[in-house]
Structures are given as C-alpha cells and as structure tokens.
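Engineer: Following this line is coords33.txt, made up of compact mmCIF, C-alpha atoms and all ligand atoms:
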# COMPACT_ATOMS: atom_id res chain seq x y z
CA MET A 1 15.34 29.14 2.99
CA THR A 2 12.39 29.01 0.61
CA PRO A 3 9.02 29.02 2.38
CA LYS A 4 7.50 25.61 2.33
CA PHE A 5 3.89 24.54 2.20
CA SER A 6 2.31 21.21 2.94
CA VAL A 7 -0.86 19.61 1.70
CA HIS A 8 -2.67 16.79 3.44
CA VAL A 9 -5.39 14.63 1.92
CA ALA A 10 -7.19 12.23 4.24
CA LYS A 11 -10.52 11.49 2.65
CA GLU A 12 -12.83 8.82 3.91
CA ASN A 13 -13.16 7.37 0.39
CA LEU A 14 -9.41 6.75 0.08
CA LYS A 15 -9.79 3.30 1.52
CA PHE A 16 -9.71 -0.28 0.36
CA SER A 17 -10.74 -3.60 1.81
CA ALA A 18 -8.32 -6.39 1.11
CA ALA A 19 -7.27 -9.82 2.29
CA HIS A 20 -3.66 -10.65 2.98
CA PHE A 21 -1.30 -12.55 5.21
CA ILE A 22 2.19 -11.72 6.36
CA ALA A 23 4.70 -14.47 5.72
CA TYR A 24 8.38 -14.80 6.29
CA ALA A 25 10.64 -17.78 6.90
CA GLY A 26 9.27 -19.65 9.92
CA PHE A 27 6.06 -17.62 10.29
CA ARG A 28 2.80 -17.19 8.43
CA GLU A 29 -0.33 -15.35 9.48
CA PRO A 30 -3.70 -16.87 8.62
CA LEU A 31 -5.46 -15.25 5.66
CA HIS A 32 -7.45 -12.28 6.98
CA GLY A 33 -8.55 -8.82 5.94
CA HIS A 34 -8.40 -5.14 6.80
CA ASN A 35 -10.27 -2.00 5.90
CA TYR A 36 -7.23 0.06 4.94
CA GLN A 37 -7.31 3.84 5.04
CA VAL A 38 -4.82 5.82 2.96
CA GLY A 39 -3.58 9.36 3.56
CA VAL A 40 -1.39 11.55 1.37
CA TYR A 41 0.86 14.35 2.60
CA LEU A 42 2.98 16.48 0.29
CA GLU A 43 5.47 19.28 0.80
CA GLY A 44 6.60 21.82 -1.71
CA GLY A 45 6.66 25.36 -2.99
CA LEU A 46 3.77 27.38 -4.27
CA ALA A 47 2.99 27.41 -7.98
CA SER A 48 1.67 30.51 -9.77
CA THR A 49 -1.80 28.99 -9.37
CA GLY A 50 -1.54 29.41 -5.60
CA TYR A 51 -1.37 25.65 -5.13
CA VAL A 52 1.45 23.27 -4.31
CA ILE A 53 -0.59 20.76 -6.25
CA ASP A 54 -4.24 20.42 -7.16
CA PHE A 55 -6.09 18.61 -4.36
CA GLY A 56 -8.57 17.22 -6.89
CA LEU A 57 -5.81 15.52 -8.86
CA ILE A 58 -4.31 13.87 -5.76
CA LYS A 59 -7.72 12.60 -4.68
CA LYS A 60 -8.56 11.29 -8.14
CA LEU A 61 -5.23 9.48 -8.69
CA THR A 62 -5.09 8.03 -5.17
CA LYS A 63 -8.68 6.83 -5.49
CA GLU A 64 -7.77 5.03 -8.73
CA ILE A 65 -4.90 3.26 -6.97
CA VAL A 66 -6.95 2.15 -3.96
CA ASP A 67 -9.84 1.08 -6.20
CA ARG A 68 -7.52 -1.35 -7.98
CA LEU A 69 -6.70 -2.97 -4.62
CA ASP A 70 -10.22 -2.92 -3.20
CA GLU A 71 -11.86 -6.31 -2.62
CA HIS A 72 -8.80 -8.26 -3.73
CA THR A 73 -6.37 -10.58 -2.03
CA ILE A 74 -2.91 -9.02 -1.98
CA ILE A 75 -0.05 -11.40 -2.66
CA PRO A 76 3.56 -10.15 -2.54
CA ALA A 77 5.16 -11.27 -5.82
CA ASN A 78 8.70 -10.80 -4.46
CA SER A 79 8.20 -12.87 -1.31
CA ASP A 80 11.23 -14.88 -0.25
CA CYS A 81 9.13 -17.67 1.28
CA LEU A 82 6.08 -18.05 -0.99
CA THR A 83 6.03 -20.13 -4.15
CA ILE A 84 3.65 -18.56 -6.64
CA GLU A 85 2.47 -20.52 -9.68
CA GLY A 86 0.21 -19.40 -12.45
CA PRO A 87 -2.14 -18.11 -13.34
CA ALA A 88 -3.02 -21.45 -14.95
CA ASP A 89 -6.63 -22.18 -15.93
CA GLY A 90 -7.50 -18.89 -14.26
CA GLN A 91 -6.12 -19.99 -10.91
CA LEU A 92 -3.14 -18.74 -8.96
CA ARG A 93 -1.47 -21.18 -6.58
CA VAL A 94 0.44 -19.82 -3.60
CA ARG A 95 2.44 -22.19 -1.41
CA TYR A 96 4.02 -21.62 1.95
CA GLU A 97 5.84 -24.71 3.27
CA ASN A 98 3.13 -27.42 3.35
CA ASP A 99 0.19 -25.03 2.97
CA GLU A 100 -1.33 -24.20 -0.39
CA PHE A 101 -3.83 -21.50 -1.35
CA VAL A 102 -5.65 -21.57 -4.68
CA PHE A 103 -7.18 -18.24 -5.69
CA PRO A 104 -9.15 -17.21 -8.76
CA ALA A 105 -6.46 -15.11 -10.48
CA HIS A 106 -8.79 -12.15 -10.97
CA ASP A 107 -9.41 -11.98 -7.22
CA VAL A 108 -5.70 -11.42 -6.59
CA ARG A 109 -3.44 -8.39 -6.91
CA LEU A 110 0.10 -9.64 -7.27
CA LEU A 111 2.19 -6.66 -6.16
CA PRO A 112 5.95 -6.06 -6.57
CA ILE A 113 6.58 -6.16 -2.82
CA VAL A 114 8.21 -8.68 -0.46
CA HIS A 115 5.63 -8.59 2.35
CA SER A 116 2.07 -7.26 2.34
CA SER A 117 2.77 -5.16 5.44
CA ALA A 118 1.25 -1.69 5.79
CA GLU A 119 4.81 -0.34 5.40
CA GLU A 120 5.38 -2.01 2.04
CA LEU A 121 1.86 -1.17 0.86
CA ALA A 122 2.58 2.48 1.70
CA ARG A 123 5.76 2.37 -0.40
CA TYR A 124 3.88 0.65 -3.26
CA ILE A 125 1.17 3.34 -3.22
CA TRP A 126 3.89 6.04 -3.04
CA ASN A 127 5.49 4.63 -6.20
CA GLN A 128 2.17 4.34 -8.02
CA LEU A 129 1.06 7.86 -7.07
CA THR A 130 4.43 9.44 -7.86
CA ASP A 131 4.48 7.77 -11.29
CA ALA A 132 0.92 8.93 -12.00
CA LEU A 133 1.73 12.52 -10.93
CA ARG A 134 4.96 12.55 -12.93
CA THR A 135 3.11 11.33 -16.04
CA ARG A 136 0.85 14.39 -15.66
CA ASP A 137 3.79 16.78 -15.06
CA ALA A 138 2.23 17.58 -11.68
CA LEU A 139 5.39 17.32 -9.56
CA ALA A 140 7.04 20.64 -10.42
CA GLN A 141 6.52 22.15 -6.95
CA VAL A 142 6.54 18.95 -4.91
CA THR A 143 9.62 18.07 -2.85
CA VAL A 144 8.32 15.35 -0.51
CA ILE A 145 5.49 12.84 -0.69
CA GLU A 146 4.38 10.83 2.29
CA ILE A 147 1.84 8.01 2.20
CA SER A 148 0.18 6.61 5.29
CA VAL A 149 -1.61 3.29 5.32
CA ALA A 150 -3.73 2.42 8.35
CA GLU A 151 -4.75 -1.18 8.89
CA GLY A 152 -7.22 0.01 11.46
CA PRO A 153 -7.91 3.05 13.60
CA GLY A 154 -4.79 4.34 15.32
CA GLN A 155 -2.45 1.90 13.63
CA SER A 156 -0.69 3.15 10.53
CA ALA A 157 2.57 2.92 8.66
CA ILE A 158 4.15 5.78 6.76
CA TYR A 159 6.45 5.86 3.75
CA ARG A 160 8.04 9.22 3.13
CA SER A 161 10.53 10.17 0.45
CA GLY A 162 11.81 13.21 -1.36
CA ILE A 163 11.21 13.17 -5.08
CA SER A 164 13.83 15.65 -6.30
CA ALA A 165 16.61 13.09 -6.08
CA LEU A 166 14.82 10.58 -8.29
CA LYS A 167 16.31 9.89 -11.68
CA PHE A 168 14.06 10.73 -14.56
CA PRO A 169 14.06 8.22 -17.35
ZN ZN B 201 -3.18 -8.09 8.49
Can I see the file as structure tokens?
Ligand code: ZN
Structural biologist:
Amino acid sequence: MTPKFSVHVAKENLKFSAAHFIAYAGFREPLHGHNYQVGVYLEGGLASTGYVIDFGLIKKLTKEIVDRLDEHTIIPANSDCLTIEGPADGQLRVRYENDEFVFPAHDVRLLPIVHSSAEELARYIWNQLTDALRTRDALAQVTVIEISVAEGPGQSAIYRSGISALKFP
C-alpha cells in the first residue's frame, strides 16, 4: 500500500459569523447566529515538492469561501418548507407557514442546500473548496478531503469524501 500523508489546517481566521435558522416541515428555529469555525483535513500522496498540497493555497481558498459567508444570513435555496421570493426591489422574502422574513438581498447568501445545518454547510464548503482546487490543478496528490464546521466550541459536523471517484467534466 502506498504511504499516505495527511494535512490539517485549522486556522483561527477560517471562521465566519452568520445568521440562520433550521427549518423542516413542522419545525422552525428562531433566527439566530453562530461564530462558525472551519477546519480542512486532506489525505494523499507526496508530490515531488515534498508536499501533499501547498498549505498556503488551502488557507487562501478556504478563507475566500468563508469570507463570502461572513456577516450574512444563510438561506437554504433548496429547502422543502421555505418559500423564497425575489430578490424584488432589493428584498428577498422568505416564508415559512404563516411567518415571513424580509431581508435586504445583499445581506443574504442563498446557498444550494436543503437545510443550513453544520453538516450541509460542511458539504457546501467541501464542494466550493474542491472546485477551487481543481480549477488550479492542485488535486493531483489528494485522495480525501474532509471539512469540519463547528457552530461553537466542541460541537462540529464533518463532511468527508474521496475525490478520485468524481467525474471530471
Ligand atoms: Zn444555529
């Protein structure tokens, strides 16, 4: 078996503050926020550079992803219980049963997820980071990427997936 290395990036600046609420049929949390902390773990072989992957690149790309989420309200565009209208006149309307939120559209990140749980946010960040790394041809040695998203200290969700099985367009 080929020797395997792993790389772990858990930098204090890989964080974002965001508002959200979990909603599914019959249940909705009140709107509230978290200071989310993101970690990245990769496995792979060693390139001729002596790296699995450049730490600096992972930090830079992950920071760009979390910065886009920072200080926004996260709304899951694929929710099965929210009705999302707009933006119209710069406003986004989000309805759950008899409750309606109206947000300035630029305060919202409408993400392609079903629930804004830490689990689904971890998968979203995994997809964003993997796409960004692939665009830069940086995945040659990488076999597994794992993203952790903590909603608070000692409470995190992890999305882990191999990347070799993915279809390349
Ligand atoms: Zn929450």
Engineer: From (4.3, 13.6, -3.8), in the file's coordinates, out to 10 Å: which residues are reached, counting all atoms listed in the file? Answer as an mmCIF file with C-alpha atoms, in the frame of the given file.
Structural biologist:
data_model
loop_
_atom_site.group_PDB
_atom_site.id
_atom_site.type_symbol
_atom_site.label_atom_id
_atom_site.label_comp_id
_atom_site.auth_asym_id
_atom_site.auth_seq_id
_atom_site.Cartn_x
_atom_site.Cartn_y
_atom_site.Cartn_z
ATOM 1 C CA VAL A 7 -0.860 19.610 1.700
ATOM 2 C CA VAL A 40 -1.390 11.550 1.370
ATOM 3 C CA TYR A 41 0.860 14.350 2.600
ATOM 4 C CA LEU A 42 2.980 16.480 0.290
ATOM 5 C CA GLU A 43 5.470 19.280 0.800
ATOM 6 C CA GLY A 44 6.600 21.820 -1.710
ATOM 7 C CA ILE A 53 -0.590 20.760 -6.250
ATOM 8 C CA ILE A 58 -4.310 13.870 -5.760
ATOM 9 C CA TRP A 126 3.890 6.040 -3.040
ATOM 10 C CA ASN A 127 5.490 4.630 -6.200
ATOM 11 C CA LEU A 129 1.060 7.860 -7.070
ATOM 12 C CA THR A 130 4.430 9.440 -7.860
ATOM 13 C CA ASP A 131 4.480 7.770 -11.290
ATOM 14 C CA LEU A 133 1.730 12.520 -10.930
ATOM 15 C CA ARG A 134 4.960 12.550 -12.930
ATOM 16 C CA ALA A 138 2.230 17.580 -11.680
ATOM 17 C CA LEU A 139 5.390 17.320 -9.560
ATOM 18 C CA GLN A 141 6.520 22.150 -6.950
ATOM 19 C CA VAL A 142 6.540 18.950 -4.910
ATOM 20 C CA THR A 143 9.620 18.070 -2.850
ATOM 21 C CA VAL A 144 8.320 15.350 -0.510
ATOM 22 C CA ILE A 145 5.490 12.840 -0.690
ATOM 23 C CA GLU A 146 4.380 10.830 2.290
ATOM 24 C CA ILE A 147 1.840 8.010 2.200
ATOM 25 C CA ARG A 160 8.040 9.220 3.130
ATOM 26 C CA SER A 161 10.530 10.170 0.450
ATOM 27 C CA GLY A 162 11.810 13.210 -1.360
ATOM 28 C CA ILE A 163 11.210 13.170 -5.080
#
Engineer: Find the spatial neighbours of A:Thr62, counting only C-alpha atoms, within a cut-off of 12 Å - ignore same-chain residues fewer than 6 positions away - and output them as JSON, numbers by chain.
Structural biologist: {"A": [9, 10, 11, 12, 13, 14, 15, 16, 37, 38, 39, 40, 41, 55, 56, 68, 69, 122, 124, 125, 126, 127, 128, 129, 130, 131, 132, 133, 147, 148]}
Engineer: Let me have all residues with an atom within 10 Å of ligand ZN 201 (chain B), counting all atoms listed in the file, laid out as a compact mmCIF listing (two decimals) with C-alpha atoms, in the coordinates of the input.
Structural biologist:
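The result, written out as part-v7.txt:
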# COMPACT_ATOMS: atom_id res chain seq x y z
CA ALA A 18 -8.32 -6.39 1.11
CA ALA A 19 -7.27 -9.82 2.29
CA HIS A 20 -3.66 -10.65 2.98
CA PHE A 21 -1.30 -12.55 5.21
CA ILE A 22 2.19 -11.72 6.36
CA GLU A 29 -0.33 -15.35 9.48
CA PRO A 30 -3.70 -16.87 8.62
CA LEU A 31 -5.46 -15.25 5.66
CA HIS A 32 -7.45 -12.28 6.98
CA GLY A 33 -8.55 -8.82 5.94
CA HIS A 34 -8.40 -5.14 6.80
CA ASN A 35 -10.27 -2.00 5.90
CA TYR A 36 -7.23 0.06 4.94
CA SER A 116 2.07 -7.26 2.34
CA SER A 117 2.77 -5.16 5.44
CA ALA A 118 1.25 -1.69 5.79
CA GLU A 151 -4.75 -1.18 8.89
CA GLY A 152 -7.22 0.01 11.46
Engineer: If I take atom CA of A:Gly90 and atom CA of A:Phe103, how far is one from the other in Å, to one decimal?
Structural biologist: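 Distance reported for this atom pair: 8.6 Å.
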Engineer: Work out how far atom CA of A:Val114 is from atom CA of A:Ala157, in Å to one decimal.
Structural biologist: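 Computed distance, atom CA of A:Ala157 to atom CA of A:Val114, equals 15.8 Å.
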Engineer: Check the smallest atom-to-atom distance from each of A:Ile84, A:Ala47, A:Glu71, A:Ile113 to A:Glu100 using only C-alpha atoms, then report the winner.
Structural biologist: A:Ile84
Engineer: Just how far from atom CA of A:His8 is atom CA of A:Ile65, in Å to one decimal?
Structural biologist: 17.2 Å
Engineer: Counting all atoms listed in the file, I want the residues whose atoms come within 12 Å of (5.4, -18.8, 1.4) in the file frame, returned as a count of residues only.
Structural biologist: 32
Engineer: Write stretch 20-31 of chain A as an mmCIF file, keeping the file's coordinate frame, completed to all heavy atoms.
Structural biologist:
data_model
loop_
_atom_site.group_PDB
_atom_site.id
_atom_site.type_symbol
_atom_site.label_atom_id
_atom_site.label_comp_id
_atom_site.auth_asym_id
_atom_site.auth_seq_id
_atom_site.Cartn_x
_atom_site.Cartn_y
_atom_site.Cartn_z
ATOM 1 N N HIS A 20 -5.093 -10.438 3.089
ATOM 2 C CA HIS A 20 -3.660 -10.650 2.980
ATOM 3 C C HIS A 20 -3.196 -11.562 4.121
ATOM 4 O O HIS A 20 -3.969 -11.920 5.005
ATOM 5 C CB HIS A 20 -2.902 -9.307 3.039
ATOM 6 C CG HIS A 20 -2.604 -8.827 4.426
ATOM 7 N ND1 HIS A 20 -1.393 -8.265 4.794
ATOM 8 C CD2 HIS A 20 -3.345 -8.848 5.564
ATOM 9 C CE1 HIS A 20 -1.422 -7.961 6.075
ATOM 10 N NE2 HIS A 20 -2.580 -8.294 6.574
ATOM 11 N N PHE A 21 -1.946 -11.943 4.049
ATOM 12 C CA PHE A 21 -1.300 -12.550 5.210
ATOM 13 C C PHE A 21 0.179 -12.203 5.133
ATOM 14 O O PHE A 21 0.746 -12.107 4.056
ATOM 15 C CB PHE A 21 -1.513 -14.073 5.263
ATOM 16 C CG PHE A 21 -1.034 -14.818 4.037
ATOM 17 C CD1 PHE A 21 0.278 -15.269 3.945
ATOM 18 C CD2 PHE A 21 -1.889 -15.062 2.977
ATOM 19 C CE1 PHE A 21 0.730 -15.949 2.829
ATOM 20 C CE2 PHE A 21 -1.452 -15.744 1.850
ATOM 21 C CZ PHE A 21 -0.148 -16.183 1.777
ATOM 22 N N ILE A 22 0.750 -11.959 6.291
ATOM 23 C CA ILE A 22 2.190 -11.720 6.360
ATOM 24 C C ILE A 22 2.874 -13.077 6.439
ATOM 25 O O ILE A 22 2.433 -13.958 7.177
ATOM 26 C CB ILE A 22 2.543 -10.905 7.623
ATOM 27 C CG1 ILE A 22 1.854 -9.530 7.605
ATOM 28 C CG2 ILE A 22 4.055 -10.779 7.790
ATOM 29 C CD1 ILE A 22 2.411 -8.550 6.614
ATOM 30 N N ALA A 23 3.938 -13.228 5.657
ATOM 31 C CA ALA A 23 4.700 -14.470 5.720
ATOM 32 C C ALA A 23 6.179 -14.179 5.589
ATOM 33 O O ALA A 23 6.588 -13.364 4.755
ATOM 34 C CB ALA A 23 4.260 -15.425 4.606
ATOM 35 N N TYR A 24 6.933 -14.783 6.458
ATOM 36 C CA TYR A 24 8.380 -14.800 6.290
ATOM 37 C C TYR A 24 8.868 -16.147 6.796
ATOM 38 O O TYR A 24 8.086 -16.927 7.358
ATOM 39 C CB TYR A 24 9.062 -13.615 6.969
ATOM 40 C CG TYR A 24 8.638 -13.321 8.384
ATOM 41 C CD1 TYR A 24 9.229 -13.967 9.464
ATOM 42 C CD2 TYR A 24 7.632 -12.391 8.653
ATOM 43 C CE1 TYR A 24 8.841 -13.690 10.763
ATOM 44 C CE2 TYR A 24 7.238 -12.112 9.955
ATOM 45 C CZ TYR A 24 7.848 -12.764 11.003
ATOM 46 O OH TYR A 24 7.470 -12.495 12.281
ATOM 47 N N ALA A 25 10.127 -16.449 6.576
ATOM 48 C CA ALA A 25 10.640 -17.780 6.900
ATOM 49 C C ALA A 25 10.303 -18.112 8.362
ATOM 50 O O ALA A 25 10.673 -17.364 9.269
ATOM 51 C CB ALA A 25 12.130 -17.843 6.652
ATOM 52 N N GLY A 26 9.586 -19.202 8.571
ATOM 53 C CA GLY A 26 9.270 -19.650 9.920
ATOM 54 C C GLY A 26 7.978 -19.093 10.487
ATOM 55 O O GLY A 26 7.579 -19.462 11.596
ATOM 56 N N PHE A 27 7.286 -18.219 9.755
ATOM 57 C CA PHE A 27 6.060 -17.620 10.290
ATOM 58 C C PHE A 27 5.094 -17.268 9.164
ATOM 59 O O PHE A 27 5.496 -16.705 8.147
ATOM 60 C CB PHE A 27 6.388 -16.329 11.053
ATOM 61 C CG PHE A 27 5.164 -15.586 11.520
ATOM 62 C CD1 PHE A 27 4.468 -15.982 12.662
ATOM 63 C CD2 PHE A 27 4.673 -14.490 10.801
ATOM 64 C CE1 PHE A 27 3.330 -15.297 13.081
ATOM 65 C CE2 PHE A 27 3.537 -13.799 11.218
ATOM 66 C CZ PHE A 27 2.867 -14.206 12.357
ATOM 67 N N ARG A 28 3.834 -17.639 9.362
ATOM 68 C CA ARG A 28 2.800 -17.190 8.430
ATOM 69 C C ARG A 28 1.533 -16.859 9.204
ATOM 70 O O ARG A 28 1.072 -17.657 10.017
ATOM 71 C CB ARG A 28 2.476 -18.256 7.385
ATOM 72 C CG ARG A 28 1.359 -17.813 6.444
ATOM 73 C CD ARG A 28 0.995 -18.836 5.392
ATOM 74 N NE ARG A 28 0.347 -20.020 5.932
ATOM 75 C CZ ARG A 28 -0.949 -20.078 6.292
ATOM 76 N NH1 ARG A 28 -1.717 -19.014 6.218
ATOM 77 N NH2 ARG A 28 -1.448 -21.207 6.758
ATOM 78 N N GLU A 29 0.978 -15.692 8.929
ATOM 79 C CA GLU A 29 -0.330 -15.350 9.480
ATOM 80 C C GLU A 29 -1.411 -16.116 8.726
ATOM 81 O O GLU A 29 -1.244 -16.417 7.544
ATOM 82 C CB GLU A 29 -0.628 -13.850 9.279
ATOM 83 C CG GLU A 29 0.144 -12.903 10.165
ATOM 84 C CD GLU A 29 -0.321 -11.458 9.941
ATOM 85 O OE1 GLU A 29 -0.722 -11.105 8.811
ATOM 86 O OE2 GLU A 29 -0.261 -10.684 10.899
ATOM 87 N N PRO A 30 -2.549 -16.366 9.377
ATOM 88 C CA PRO A 30 -3.700 -16.870 8.620
ATOM 89 C C PRO A 30 -4.193 -15.786 7.658
ATOM 90 O O PRO A 30 -3.978 -14.595 7.906
ATOM 91 C CB PRO A 30 -4.757 -17.141 9.692
ATOM 92 C CG PRO A 30 -4.129 -16.904 10.998
ATOM 93 C CD PRO A 30 -2.842 -16.170 10.799
ATOM 94 N N LEU A 31 -4.848 -16.206 6.587
ATOM 95 C CA LEU A 31 -5.460 -15.250 5.660
ATOM 96 C C LEU A 31 -6.534 -14.460 6.416
ATOM 97 O O LEU A 31 -7.357 -15.045 7.121
ATOM 98 C CB LEU A 31 -6.099 -16.031 4.505
ATOM 99 C CG LEU A 31 -6.713 -15.204 3.368
ATOM 100 C CD1 LEU A 31 -5.646 -14.430 2.607
ATOM 101 C CD2 LEU A 31 -7.487 -16.128 2.428
#
